[in-house]
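Peer 1: Sharing upload_20.txt here; it has compact mmCIF, C-alpha atoms.
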# COMPACT_ATOMS: atom_id res chain seq x y z
CA MET O 1 -32.05 12.77 22.84
CA THR O 2 -33.53 12.66 19.35
CA ALA O 3 -31.38 10.69 16.92
CA PRO O 4 -29.90 12.89 14.17
CA LYS O 5 -31.42 12.71 10.72
CA LYS O 6 -29.26 11.08 8.07
CA LEU O 7 -28.33 12.62 4.72
CA PHE O 8 -27.06 10.60 1.76
CA ILE O 9 -25.46 12.59 -1.07
CA LYS O 10 -24.47 11.00 -4.35
CA THR O 11 -22.12 13.24 -6.34
CA TYR O 12 -21.69 13.08 -10.09
CA GLY O 13 -19.10 14.73 -12.32
CA CYS O 14 -16.57 17.45 -11.68
CA GLN O 15 -14.51 18.52 -8.68
CA MET O 16 -16.78 21.54 -8.27
CA ASN O 17 -19.67 19.20 -7.59
CA VAL O 18 -17.56 17.53 -4.90
CA TYR O 19 -17.02 20.95 -3.32
CA ASP O 20 -20.71 21.81 -3.69
CA SER O 21 -21.73 18.54 -2.04
CA GLU O 22 -19.51 19.33 0.95
CA ARG O 23 -21.14 22.73 1.33
CA MET O 24 -24.66 21.27 0.97
CA ALA O 25 -23.86 18.73 3.67
CA GLU O 26 -22.66 21.56 5.91
CA ALA O 27 -25.81 23.58 5.22
CA MET O 28 -27.99 20.60 6.14
CA GLY O 29 -25.82 19.88 9.16
CA GLY O 30 -27.24 23.07 10.60
CA GLN O 31 -30.68 21.42 10.31
CA GLY O 32 -29.63 18.39 12.34
CA TYR O 33 -28.49 16.11 9.52
CA VAL O 34 -25.41 13.91 9.59
CA GLN O 35 -24.05 12.22 6.50
CA THR O 36 -24.43 8.52 5.84
CA GLN O 37 -22.67 6.40 3.25
CA THR O 38 -25.76 4.44 2.24
CA ALA O 39 -29.14 5.46 0.90
CA ASP O 40 -30.89 2.63 2.74
CA ASP O 41 -30.86 4.31 6.15
CA ALA O 42 -31.16 7.92 4.93
CA ASP O 43 -33.86 10.39 5.89
CA MET O 44 -32.92 12.51 2.88
CA ILE O 45 -31.32 11.50 -0.42
CA LEU O 46 -29.72 14.20 -2.55
CA LEU O 47 -28.36 13.59 -6.05
CA ASN O 48 -25.84 16.29 -7.01
CA THR O 49 -25.86 15.92 -10.78
CA CYS O 50 -23.67 16.74 -13.76
CA HIS O 51 -24.86 17.51 -17.31
CA ILE O 52 -21.58 17.07 -19.16
CA ARG O 53 -21.73 13.38 -20.01
CA GLU O 54 -23.96 11.76 -22.61
CA LYS O 55 -27.55 11.01 -21.55
CA ALA O 56 -26.89 12.63 -18.17
CA ALA O 57 -30.56 13.32 -17.45
CA GLU O 58 -31.64 9.77 -18.29
CA LYS O 59 -29.02 8.39 -15.91
CA VAL O 60 -30.43 10.55 -13.14
CA TYR O 61 -33.97 9.33 -13.83
CA SER O 62 -32.69 5.76 -13.78
CA GLU O 63 -31.01 6.36 -10.43
CA LEU O 64 -34.19 7.88 -9.04
CA GLY O 65 -36.09 4.78 -10.12
CA ARG O 66 -33.92 2.70 -7.80
CA TYR O 67 -35.24 4.66 -4.81
CA LYS O 68 -38.94 3.98 -5.41
CA GLY O 69 -38.89 1.01 -3.07
CA LEU O 70 -37.19 3.02 -0.34
CA LYS O 71 -39.75 5.81 -0.69
CA ALA O 72 -42.64 3.35 -0.57
CA ALA O 73 -41.26 1.73 2.58
CA LYS O 74 -40.39 5.05 4.19
CA PRO O 75 -42.88 7.75 3.12
CA ASP O 76 -41.13 10.43 5.19
CA LEU O 77 -37.94 9.97 3.17
CA LYS O 78 -37.12 13.17 1.25
CA ILE O 79 -35.54 12.93 -2.18
CA GLY O 80 -33.87 15.86 -3.91
CA VAL O 81 -32.05 16.53 -7.17
CA ALA O 82 -29.37 19.24 -7.26
CA GLY O 83 -26.73 20.43 -9.70
CA CYS O 84 -26.68 20.96 -13.42
CA VAL O 85 -29.31 18.40 -14.46
CA ALA O 86 -31.62 20.00 -11.90
CA GLN O 87 -30.95 23.39 -13.49
CA ALA O 88 -31.55 22.07 -17.01
CA GLU O 89 -34.61 19.92 -16.31
CA GLY O 90 -36.34 21.91 -13.55
CA GLU O 91 -39.90 20.85 -12.80
CA GLU O 92 -39.75 18.21 -15.54
CA ILE O 93 -37.94 16.08 -12.95
CA MET O 94 -40.93 16.21 -10.62
CA ARG O 95 -43.31 15.54 -13.48
CA ARG O 96 -41.44 12.40 -14.54
CA GLN O 97 -40.62 11.29 -10.99
CA PRO O 98 -43.38 12.55 -8.67
CA MET O 99 -41.63 11.06 -5.65
CA VAL O 100 -38.96 13.81 -5.90
CA ASP O 101 -39.55 16.39 -3.18
CA LEU O 102 -37.13 19.14 -4.15
CA VAL O 103 -35.11 20.33 -7.14
CA VAL O 104 -32.36 22.90 -6.67
CA GLY O 105 -29.92 24.40 -9.16
CA PRO O 106 -26.20 24.89 -8.47
CA GLN O 107 -26.57 28.60 -7.74
CA SER O 108 -29.33 28.13 -5.15
CA TYR O 109 -28.18 25.34 -2.86
CA HIS O 110 -27.68 27.81 0.00
CA ARG O 111 -31.50 27.76 0.15
CA LEU O 112 -31.59 24.00 0.84
CA PRO O 113 -32.55 24.32 4.53
CA GLU O 114 -35.67 26.37 3.81
CA MET O 115 -36.54 24.11 0.88
CA GLU O 116 -36.23 21.03 3.07
CA ALA O 117 -38.48 22.69 5.67
CA LYS O 118 -41.15 23.15 2.97
CA THR O 119 -41.02 19.46 2.11
CA ARG O 120 -41.55 18.58 5.77
CA GLU O 121 -44.81 20.53 5.51
CA GLY O 122 -45.89 18.38 2.58
CA GLN O 123 -44.97 20.86 -0.17
CA LYS O 124 -42.77 20.44 -3.21
CA ALA O 125 -39.75 22.77 -3.44
CA LEU O 126 -38.22 24.01 -6.71
CA ASP O 127 -35.47 26.63 -7.09
CA THR O 128 -33.50 26.93 -10.31
CA ASP O 129 -33.06 30.70 -10.21
CA PHE O 130 -29.82 32.61 -10.54
CA PRO O 131 -30.33 34.60 -7.33
CA GLU O 132 -28.92 38.07 -6.86
CA GLU O 133 -27.44 37.18 -3.49
CA GLY O 134 -24.31 35.05 -3.78
CA LYS O 135 -24.60 31.57 -2.34
CA PHE O 136 -21.12 31.83 -0.81
CA ASP O 137 -22.26 34.84 1.21
CA LYS O 138 -25.23 32.92 2.58
CA LEU O 139 -23.65 29.58 3.42
CA ILE O 140 -22.81 28.91 7.04
CA ALA O 141 -19.16 28.81 8.03
CA ARG O 142 -17.48 25.44 7.76
CA PRO O 143 -17.49 23.49 11.03
CA LYS O 144 -14.07 23.10 12.65
CA ALA O 145 -13.87 19.32 12.20
CA ALA O 146 -10.54 17.88 11.09
CA ARG O 147 -10.02 17.42 7.37
CA GLY O 148 -7.91 15.21 5.14
CA PRO O 149 -4.70 16.65 3.71
CA THR O 150 -6.24 17.84 0.41
CA ALA O 151 -9.25 20.02 -0.33
CA PHE O 152 -11.05 21.76 -3.17
CA LEU O 153 -11.82 25.46 -2.93
CA THR O 154 -14.14 27.12 -5.44
CA VAL O 155 -13.03 30.64 -6.45
CA GLN O 156 -15.01 31.14 -9.67
CA GLU O 157 -18.17 29.71 -11.19
CA GLY O 158 -19.91 29.88 -14.53
CA CYS O 159 -18.45 30.65 -17.94
CA ASP O 160 -18.72 33.40 -20.55
CA LYS O 161 -16.98 31.49 -23.35
CA PHE O 162 -20.07 29.74 -24.84
CA CYS O 163 -18.26 26.85 -26.52
CA ALA O 164 -20.66 25.34 -29.04
CA PHE O 165 -20.75 21.93 -27.30
CA CYS O 166 -21.10 23.07 -23.69
CA VAL O 167 -24.08 23.57 -21.37
CA VAL O 168 -22.15 25.23 -18.53
CA PRO O 169 -23.18 28.84 -19.37
CA TYR O 170 -26.80 27.70 -19.27
CA THR O 171 -26.62 25.57 -16.10
CA ARG O 172 -24.00 27.46 -14.06
CA GLY O 173 -24.61 30.90 -15.51
CA ALA O 174 -22.24 33.75 -16.25
CA GLU O 175 -18.79 33.97 -14.67
CA VAL O 176 -18.96 34.92 -11.00
CA ARG O 177 -15.81 35.31 -8.92
CA ARG O 178 -15.48 35.24 -5.16
CA PRO O 179 -13.66 38.11 -3.45
CA SER O 180 -10.12 37.09 -2.59
CA ASP O 181 -10.43 37.99 1.10
CA ARG O 182 -13.16 35.35 1.48
CA VAL O 183 -11.17 32.80 -0.50
CA LEU O 184 -8.11 33.41 1.67
CA THR O 185 -10.17 33.18 4.87
CA GLU O 186 -11.58 29.84 3.76
CA ALA O 187 -8.10 28.63 2.78
CA ARG O 188 -6.66 29.54 6.21
CA ASP O 189 -9.58 27.75 7.87
CA LEU O 190 -8.89 24.62 5.82
CA VAL O 191 -5.20 24.70 6.76
CA GLU O 192 -6.11 25.05 10.45
CA ARG O 193 -8.12 21.86 10.07
CA GLY O 194 -5.26 19.84 8.59
CA VAL O 195 -5.34 20.59 4.86
CA ARG O 196 -1.90 20.88 3.23
CA GLU O 197 -2.88 21.00 -0.45
CA ILE O 198 -5.62 23.16 -1.96
CA THR O 199 -6.95 22.92 -5.50
CA LEU O 200 -8.63 26.12 -6.68
CA LEU O 201 -11.74 25.42 -8.74
CA GLY O 202 -13.63 27.21 -11.47
CA GLN O 203 -15.29 26.37 -14.76
CA ASN O 204 -12.79 28.84 -16.18
CA VAL O 205 -10.57 29.34 -13.16
CA ASN O 206 -7.75 31.23 -14.85
CA ALA O 207 -10.22 33.99 -15.80
CA TYR O 208 -10.41 34.80 -12.07
CA HIS O 209 -10.07 38.53 -11.36
CA GLY O 210 -11.14 38.74 -7.72
CA HIS O 211 -7.61 39.66 -6.60
CA GLU O 212 -5.06 42.18 -7.80
CA GLY O 213 -3.02 40.36 -10.41
CA GLY O 214 -5.80 37.88 -11.19
CA LEU O 215 -5.36 34.19 -10.46
CA ALA O 216 -1.59 34.59 -10.26
CA GLY O 217 -2.02 37.26 -7.58
CA LEU O 218 -4.32 34.96 -5.59
CA ILE O 219 -1.84 32.09 -5.88
CA TRP O 220 0.96 34.29 -4.53
CA ALA O 221 -1.28 35.32 -1.62
CA LEU O 222 -2.00 31.66 -0.86
CA ASN O 223 1.72 30.96 -1.07
CA ASP O 224 2.17 33.11 2.06
CA ILE O 225 -0.14 30.96 4.22
CA ASP O 226 1.92 29.02 6.77
CA GLY O 227 1.10 25.32 6.73
CA LEU O 228 -0.19 25.28 3.17
CA GLU O 229 2.33 23.24 1.18
CA ARG O 230 0.77 22.84 -2.26
CA ILE O 231 -1.43 24.83 -4.63
CA ARG O 232 -3.15 23.56 -7.78
CA PHE O 233 -5.94 24.96 -9.99
CA THR O 234 -8.40 23.61 -12.53
CA THR O 235 -9.99 23.99 -15.12
CA SER O 236 -8.36 26.57 -17.39
CA HIS O 237 -8.87 28.06 -20.84
CA PRO O 238 -5.83 28.59 -23.12
CA ASN O 239 -6.83 32.20 -23.82
CA ASP O 240 -6.58 33.12 -20.15
CA MET O 241 -3.06 31.82 -19.51
CA ASP O 242 -1.52 35.26 -19.06
CA ASP O 243 2.17 36.01 -18.52
CA ALA O 244 1.83 36.39 -14.76
CA LEU O 245 0.19 32.98 -14.39
CA ILE O 246 2.76 31.32 -16.64
CA ASP O 247 5.60 32.96 -14.69
CA ALA O 248 4.07 31.75 -11.42
CA HIS O 249 4.67 28.18 -12.57
CA GLY O 250 8.37 28.94 -12.64
CA ASP O 251 8.64 31.18 -9.58
CA CYS O 252 5.98 30.24 -7.00
CA PRO O 253 7.37 27.52 -4.72
CA LYS O 254 4.00 26.08 -3.69
CA LEU O 255 2.40 25.98 -7.17
CA MET O 256 2.72 22.40 -8.35
CA PRO O 257 4.27 21.46 -11.74
CA TYR O 258 1.00 20.12 -13.14
CA LEU O 259 -1.57 21.87 -15.33
CA HIS O 260 -4.87 20.75 -16.80
CA LEU O 261 -5.28 22.86 -19.96
CA PRO O 262 -8.06 21.61 -22.27
CA VAL O 263 -7.59 22.09 -26.01
CA GLN O 264 -10.49 19.88 -27.27
CA ALA O 265 -9.17 19.51 -30.85
CA GLY O 266 -6.11 20.10 -33.00
CA SER O 267 -7.88 21.29 -36.14
CA ASP O 268 -8.32 25.06 -36.46
CA LYS O 269 -11.47 24.51 -38.49
CA ILE O 270 -13.03 22.44 -35.71
CA LEU O 271 -11.78 24.79 -32.99
CA LYS O 272 -13.50 27.67 -34.78
CA ARG O 273 -16.72 25.65 -35.12
CA MET O 274 -16.45 24.88 -31.40
CA ASN O 275 -16.14 28.64 -30.69
CA ARG O 276 -12.97 27.95 -28.74
CA SER O 277 -11.35 31.29 -29.76
CA HIS O 278 -7.85 29.83 -29.92
CA THR O 279 -5.89 27.96 -32.57
CA ALA O 280 -3.72 24.88 -32.35
CA GLU O 281 -0.69 27.09 -32.89
CA SER O 282 -1.61 29.55 -30.12
CA TYR O 283 -2.19 26.62 -27.75
CA LEU O 284 1.23 25.15 -28.56
CA ARG O 285 2.85 28.55 -27.95
CA VAL O 286 1.33 28.60 -24.45
CA ILE O 287 2.79 25.13 -23.83
CA GLU O 288 6.20 26.32 -25.03
CA ARG O 289 6.11 29.30 -22.67
CA LEU O 290 5.10 27.07 -19.74
CA ARG O 291 7.90 24.61 -20.42
CA ALA O 292 10.38 27.46 -20.75
CA VAL O 293 9.72 28.48 -17.13
CA ARG O 294 9.03 24.97 -15.78
CA PRO O 295 10.61 22.28 -18.00
CA ASP O 296 9.35 19.38 -15.85
CA ILE O 297 5.67 20.44 -15.89
CA HIS O 298 3.21 17.62 -16.54
CA LEU O 299 0.23 18.50 -18.74
CA SER O 300 -3.30 17.19 -18.87
CA GLY O 301 -5.97 17.96 -21.45
CA ASP O 302 -9.52 17.37 -22.67
CA PHE O 303 -10.41 16.08 -26.13
CA ILE O 304 -13.66 15.68 -28.03
CA VAL O 305 -13.70 13.42 -31.07
CA GLY O 306 -16.42 13.27 -33.68
CA PHE O 307 -17.51 16.89 -33.31
CA PRO O 308 -19.98 17.82 -36.08
CA GLU O 309 -18.27 18.09 -39.49
CA GLU O 310 -14.97 16.64 -38.20
CA THR O 311 -13.15 14.84 -41.03
CA GLU O 312 -10.37 12.29 -40.82
CA GLU O 313 -7.95 15.09 -41.71
CA ASP O 314 -9.26 17.15 -38.78
CA PHE O 315 -8.85 14.17 -36.48
CA GLN O 316 -5.28 13.62 -37.66
CA ALA O 317 -4.54 17.24 -36.74
CA THR O 318 -5.65 16.41 -33.18
CA LEU O 319 -3.31 13.40 -33.07
CA ASP O 320 -0.48 15.61 -34.34
CA LEU O 321 -1.09 18.11 -31.55
CA ILE O 322 -1.08 15.33 -28.94
CA ARG O 323 2.26 14.06 -30.28
CA ALA O 324 3.68 17.59 -30.10
CA VAL O 325 2.58 18.17 -26.48
CA ARG O 326 3.10 14.74 -24.81
CA TYR O 327 0.37 14.56 -22.15
CA GLY O 328 0.82 12.95 -18.78
CA SER O 329 -2.93 12.41 -18.53
CA ALA O 330 -6.07 13.40 -20.40
CA TYR O 331 -9.85 13.08 -20.57
CA SER O 332 -11.34 12.15 -23.92
CA PHE O 333 -14.92 11.75 -25.09
CA LYS O 334 -17.07 11.16 -28.11
CA TYR O 335 -19.09 14.24 -28.97
CA SER O 336 -22.70 13.95 -27.83
CA THR O 337 -25.41 16.50 -28.40
CA ARG O 338 -26.63 18.79 -25.64
CA PRO O 339 -30.09 20.27 -26.29
CA GLY O 340 -29.94 24.04 -26.65
CA THR O 341 -26.29 24.20 -27.68
CA PRO O 342 -25.37 25.37 -31.21
CA ALA O 343 -23.54 22.18 -32.17
CA ALA O 344 -26.61 20.05 -31.52
CA GLU O 345 -28.25 21.37 -34.70
CA ARG O 346 -25.33 20.59 -37.05
CA PRO O 347 -24.66 17.51 -39.23
CA GLN O 348 -23.40 14.74 -36.99
CA VAL O 349 -20.48 12.32 -37.41
CA SER O 350 -21.54 8.65 -37.39
CA GLU O 351 -21.24 6.70 -34.16
CA ALA O 352 -18.97 4.18 -35.87
CA GLU O 353 -16.52 6.93 -36.83
CA LYS O 354 -16.66 8.40 -33.34
CA ASP O 355 -15.91 5.00 -31.78
CA ASP O 356 -12.99 4.36 -34.12
CA ARG O 357 -11.43 7.78 -33.55
CA LEU O 358 -11.86 7.62 -29.80
CA GLN O 359 -10.09 4.26 -29.64
CA ARG O 360 -7.16 5.55 -31.70
CA LEU O 361 -6.91 8.77 -29.70
CA GLN O 362 -7.04 6.98 -26.35
CA ALA O 363 -4.40 4.49 -27.48
CA LEU O 364 -2.01 7.37 -28.22
CA LEU O 365 -2.80 9.13 -24.94
CA SER O 366 -2.34 5.90 -22.95
CA GLN O 367 1.01 5.33 -24.65
CA GLN O 368 2.15 8.83 -23.70
CA GLN O 369 0.92 8.49 -20.14
CA ARG O 370 2.82 5.23 -19.66
CA GLN O 371 5.99 6.61 -21.24
CA LEU O 372 5.98 9.63 -18.94
CA GLN O 373 5.28 7.40 -15.93
CA ASP O 374 8.16 5.09 -16.90
CA GLU O 375 10.47 8.11 -17.12
CA MET O 376 9.75 8.82 -13.43
CA VAL O 377 11.50 5.61 -12.33
CA GLY O 378 14.70 6.49 -10.49
CA ARG O 379 13.60 10.07 -9.77
CA GLU O 380 12.94 11.48 -6.32
CA VAL O 381 9.63 13.22 -5.62
CA ASN O 382 7.78 14.60 -2.62
CA VAL O 383 4.71 12.54 -1.75
CA LEU O 384 1.82 13.86 0.34
CA PHE O 385 0.25 10.75 1.87
CA GLU O 386 -3.55 10.69 1.71
CA LYS O 387 -4.71 7.20 2.72
CA PRO O 388 -3.67 3.62 3.49
CA GLY O 389 -2.98 1.39 0.50
CA ARG O 390 -4.42 -2.05 -0.20
CA MET O 391 -1.39 -3.92 1.13
CA PRO O 392 -0.43 -4.09 4.84
CA GLY O 393 1.88 -1.23 5.80
CA GLN O 394 1.30 0.56 2.50
CA MET O 395 0.37 4.22 2.12
CA VAL O 396 -0.80 6.06 -1.00
CA GLY O 397 -0.20 9.70 -1.81
CA LYS O 398 0.31 12.14 -4.66
CA SER O 399 3.55 13.45 -6.11
CA GLU O 400 4.02 17.04 -7.24
CA TYR O 401 2.97 15.82 -10.70
CA LEU O 402 -0.30 14.33 -9.40
CA HIS O 403 0.89 10.75 -9.85
CA SER O 404 -0.49 8.27 -7.32
CA VAL O 405 2.48 6.75 -5.49
CA HIS O 406 2.36 3.57 -3.35
CA VAL O 407 4.97 3.28 -0.59
CA THR O 408 5.55 0.83 2.25
CA THR O 409 5.98 3.18 5.19
CA ASP O 410 4.79 4.06 8.66
CA ALA O 411 4.13 7.65 7.55
CA ALA O 412 0.79 9.04 8.65
CA VAL O 413 -1.96 10.59 6.56
CA GLY O 414 -1.00 14.21 5.90
CA GLU O 415 2.75 13.66 6.08
CA MET O 416 4.98 14.76 3.21
CA ARG O 417 7.98 12.52 2.58
CA ARG O 418 10.76 12.26 0.03
CA VAL O 419 10.33 9.16 -2.13
CA ARG O 420 12.44 7.49 -4.81
CA ILE O 421 10.30 5.99 -7.59
CA THR O 422 11.13 2.29 -8.08
CA ALA O 423 8.45 1.09 -10.50
CA SER O 424 5.80 2.25 -12.95
CA VAL O 425 2.57 0.25 -12.94
CA THR O 426 -0.86 0.79 -14.48
CA ASN O 427 -2.03 4.32 -13.58
CA SER O 428 0.34 4.69 -10.62
CA LEU O 429 3.91 4.53 -9.37
CA ALA O 430 5.65 2.59 -6.61
CA GLY O 431 8.42 4.01 -4.48
CA GLU O 432 10.52 3.82 -1.35
CA LEU O 433 11.35 6.43 1.24
CA VAL O 434 14.64 8.19 0.65
CA GLY O 435 17.04 7.50 3.49
CA ASN O 436 15.27 4.34 4.70
Have the structure of the file written as structure tokens, please.
Peer 2:
Amino acid sequence: MTAPKKLFIKTYGCQMNVYDSERMAEAMGGQGYVQTQTADDADMILLNTCHIREKAAEKVYSELGRYKGLKAAKPDLKIGVAGCVAQAEGEEIMRRQPMVDLVVGPQSYHRLPEMEAKTREGQKALDTDFPEEGKFDKLIARPKAARGPTAFLTVQEGCDKFCAFCVVPYTRGAEVRRPSDRVLTEARDLVERGVREITLLGQNVNAYHGHEGGLAGLIWALNDIDGLERIRFTTSHPNDMDDALIDAHGDCPKLMPYLHLPVQAGSDKILKRMNRSHTAESYLRVIERLRAVRPDIHLSGDFIVGFPEETEEDFQATLDLIRAVRYGSAYSFKYSTRPGTPAAERPQVSEAEKDDRLQRLQALLSQQQRQLQDEMVGREVNVLFEKPGRMPGQMVGKSEYLHSVHVTTDAAVGEMRRVRITASVTNSLAGELVGN
């Protein structure tokens, strides 16, 4: 028998890229590839890239440079770049790194098998179109292999918001939603394979309208799937948190009490310049309504400091908003320009000011995160165990609030157990089984 070809995928960035990498691996599995955890023995290397972080393209070129020796030693090795950097850079990637065999954007990865076949014939393959046929319609069905207890499930892609700092509308395209019947079929398939928690994904997931009642309607439909224990969703826009979705946080038993709801800034002036289409006050009203239906909900957010024209007064408004909300976790970044976005052409805040503001903002967020973690001590939570811990006999899982919890137990991966929290440590909690 011919040995299977080996595929190495390196995934950058968001949860959607993790999902996309899984589907690309499945697509290539139909061509005889199996995944490997190292590039050294791969027959094909695929970088699934993200364009959100600063100097994203340069980091990809640097990573490609590390594979020159592998390519020289193994001329038949195929190297591809996928994802948002591929969409943004296109054939420039092949010009700067001629050893790259294929470049594919995030809306075209269902065409990977035919692109790989072209490279085997000695041709280069480039596809950064926004094809009329949906990639989800063209991808092969997931194989029936067992899965871990948690999984991502993309329900919506692209964004129509056009925030002034963001490249997503240009790299992922306009909002596209998957029909709910296909989402529900994929969810049932995941549950059959051992998944107990599903996180619904979208660049603007709460704008989903592929089911009657929108995202809330889809969540209620998922709630009826036997064997599915937990539902989460990310990432959301404040303007799309409608009454039905807010009410679901209070009424739907399987929807977890955790929400990632990016605000980006607390200054209305900066929010307007960002084209966010919400105010600090409207954001806080959404938080109030959520806490009215689910008082124990834990909130996560995104923040950008040093956006063009941000003053110290604007920054203080952001700190005030953070104090008002109390976040359990958050992602925070210095603003960095993205070519082609409106904010890139505006007067920039100095790097020194950005650094100073980011440090102060992160200090406040870290303080809040630790306080909220400390408040969990003594409480009982349900933990879905995902993997063994570092210590003998230890397992690690997630609480309803997405805290990592370490427990000494003989529970297996995929089990849900009641746990009393005994300690709060850096970025995680420790606990003991209730009744043991």
Peer 1: Taking 2 positions as the minimum chain separation for residues in the same chain, which residues sit within 9 Å of Val60 in chain O when counting only C-alpha atoms? Answer as a list of chain:residue names.
Peer 2: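 My reading of the contact set: O:Leu47, O:Thr49, O:Lys55, O:Ala56, O:Ala57, O:Glu58, O:Ser62, O:Glu63, O:Leu64, O:Gly65, O:Val81, O:Val85.
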Peer 1: Please list as a tab-separated table (two decimals) with C-alpha atoms, in the coordinates of the input every residue within 9 Å of Arg273 in chain O, counting only C-alpha atoms and excluding residues in the same chain fewer than 6 positions away.
Peer 2:
chain	number	residue	atom	x	y	z
O	163	CYS	CA	-18.26	26.85	-26.52
O	164	ALA	CA	-20.66	25.34	-29.04
O	307	PHE	CA	-17.51	16.89	-33.31
O	308	PRO	CA	-19.98	17.82	-36.08
O	309	GLU	CA	-18.27	18.09	-39.49
O	343	ALA	CA	-23.54	22.18	-32.17
Peer 1: Within 12 Å of Lys269 in chain O, counting all atoms listed in the file, which residues show up once you throw out same-chain ones fewer than 6 positions away? Write them as a PyMOL selection string, please.
Peer 2: chain O and resi 275-280+307-311+313-315+317-318
Peer 1: Go through O:Lys71, O:His51, O:Arg294, O:Arg285 and flag the residue nearest Cys166 in chain O, using all atoms listed in the file for the distances.
Peer 2: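 Distance minimum relative to Cys166 in chain O lands on O:His51.
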Peer 1: Go through O:Tyr67, O:Val407, O:Ala82, O:Glu116 one by one, measure the shortest atom-to-atom distance of each to Pro98 in chain O using only C-alpha atoms, and give the residue with the smallest value.
Peer 2: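 The shortest atom-to-atom distance to Pro98 in chain O comes from O:Tyr67.
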Peer 1: With distances taken over all atoms listed in the file, which of O:Arg23, O:Arg177, O:Arg196, O:Arg232 is nearest to Tyr109 in chain O?
Peer 2: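 Nearest to Tyr109 in chain O: O:Arg23.
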Peer 1: Would you compute the distance between CA of Val183 in chain O and CA of Val167 in chain O? Give it in Å to one decimal.
Peer 2: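 For CA of Val183 in chain O relative to CA of Val167 in chain O, the distance reads 26.2 Å.
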Peer 1: I'd like the interatomic distance between CA of Met28 in chain O and CA of Arg147 in chain O, to a tenth of an Å.
Peer 2: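 Taking CA of Met28 in chain O as the start and CA of Arg147 in chain O as the end point, the length is 18.3 Å.
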Peer 1: Under the rule that only C-alpha atoms are counted, which of O:Leu228, O:Ile297, O:Ala352, O:Val405 is the nearest residue to Ile246 in chain O?
Peer 2: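 Among the listed residues, the smallest separation from Ile246 in chain O belongs to O:Ile297.
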Peer 1: Rank O:Glu415, O:Glu351, O:Asp296, O:Glu192 by their smallest atom-to-atom distance to Tyr401 in chain O, using only C-alpha atoms, and report the top residue only.
Peer 2: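 Nearest to Tyr401 in chain O: O:Asp296.
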Peer 1: Looking at O:Ile225, O:Leu384, O:Val325, O:Ala187, which one is nearest to Leu364 in chain O, with distances taken over only C-alpha atoms?
Peer 2: O:Val325
Peer 1: May I have the residues within 10 Å of Leu372 in chain O as a short mmCIF file (atom, residue, chain, number, x, y, z; two decimals) with C-alpha atoms, in the frame of the given file, using all atoms listed in the file and disregarding those fewer than 3 positions away in the same chain?
Peer 2:
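Result file follows (around17.cif):
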data_model
loop_
_atom_site.label_atom_id
_atom_site.label_comp_id
_atom_site.auth_asym_id
_atom_site.auth_seq_id
_atom_site.Cartn_x
_atom_site.Cartn_y
_atom_site.Cartn_z
CA HIS O 298 3.21 17.62 -16.54
CA ARG O 326 3.10 14.74 -24.81
CA TYR O 327 0.37 14.56 -22.15
CA GLY O 328 0.82 12.95 -18.78
CA SER O 329 -2.93 12.41 -18.53
CA SER O 366 -2.34 5.90 -22.95
CA GLN O 367 1.01 5.33 -24.65
CA GLN O 368 2.15 8.83 -23.70
CA GLN O 369 0.92 8.49 -20.14
CA GLU O 375 10.47 8.11 -17.12
CA MET O 376 9.75 8.82 -13.43
CA VAL O 377 11.50 5.61 -12.33
CA SER O 424 5.80 2.25 -12.95
#
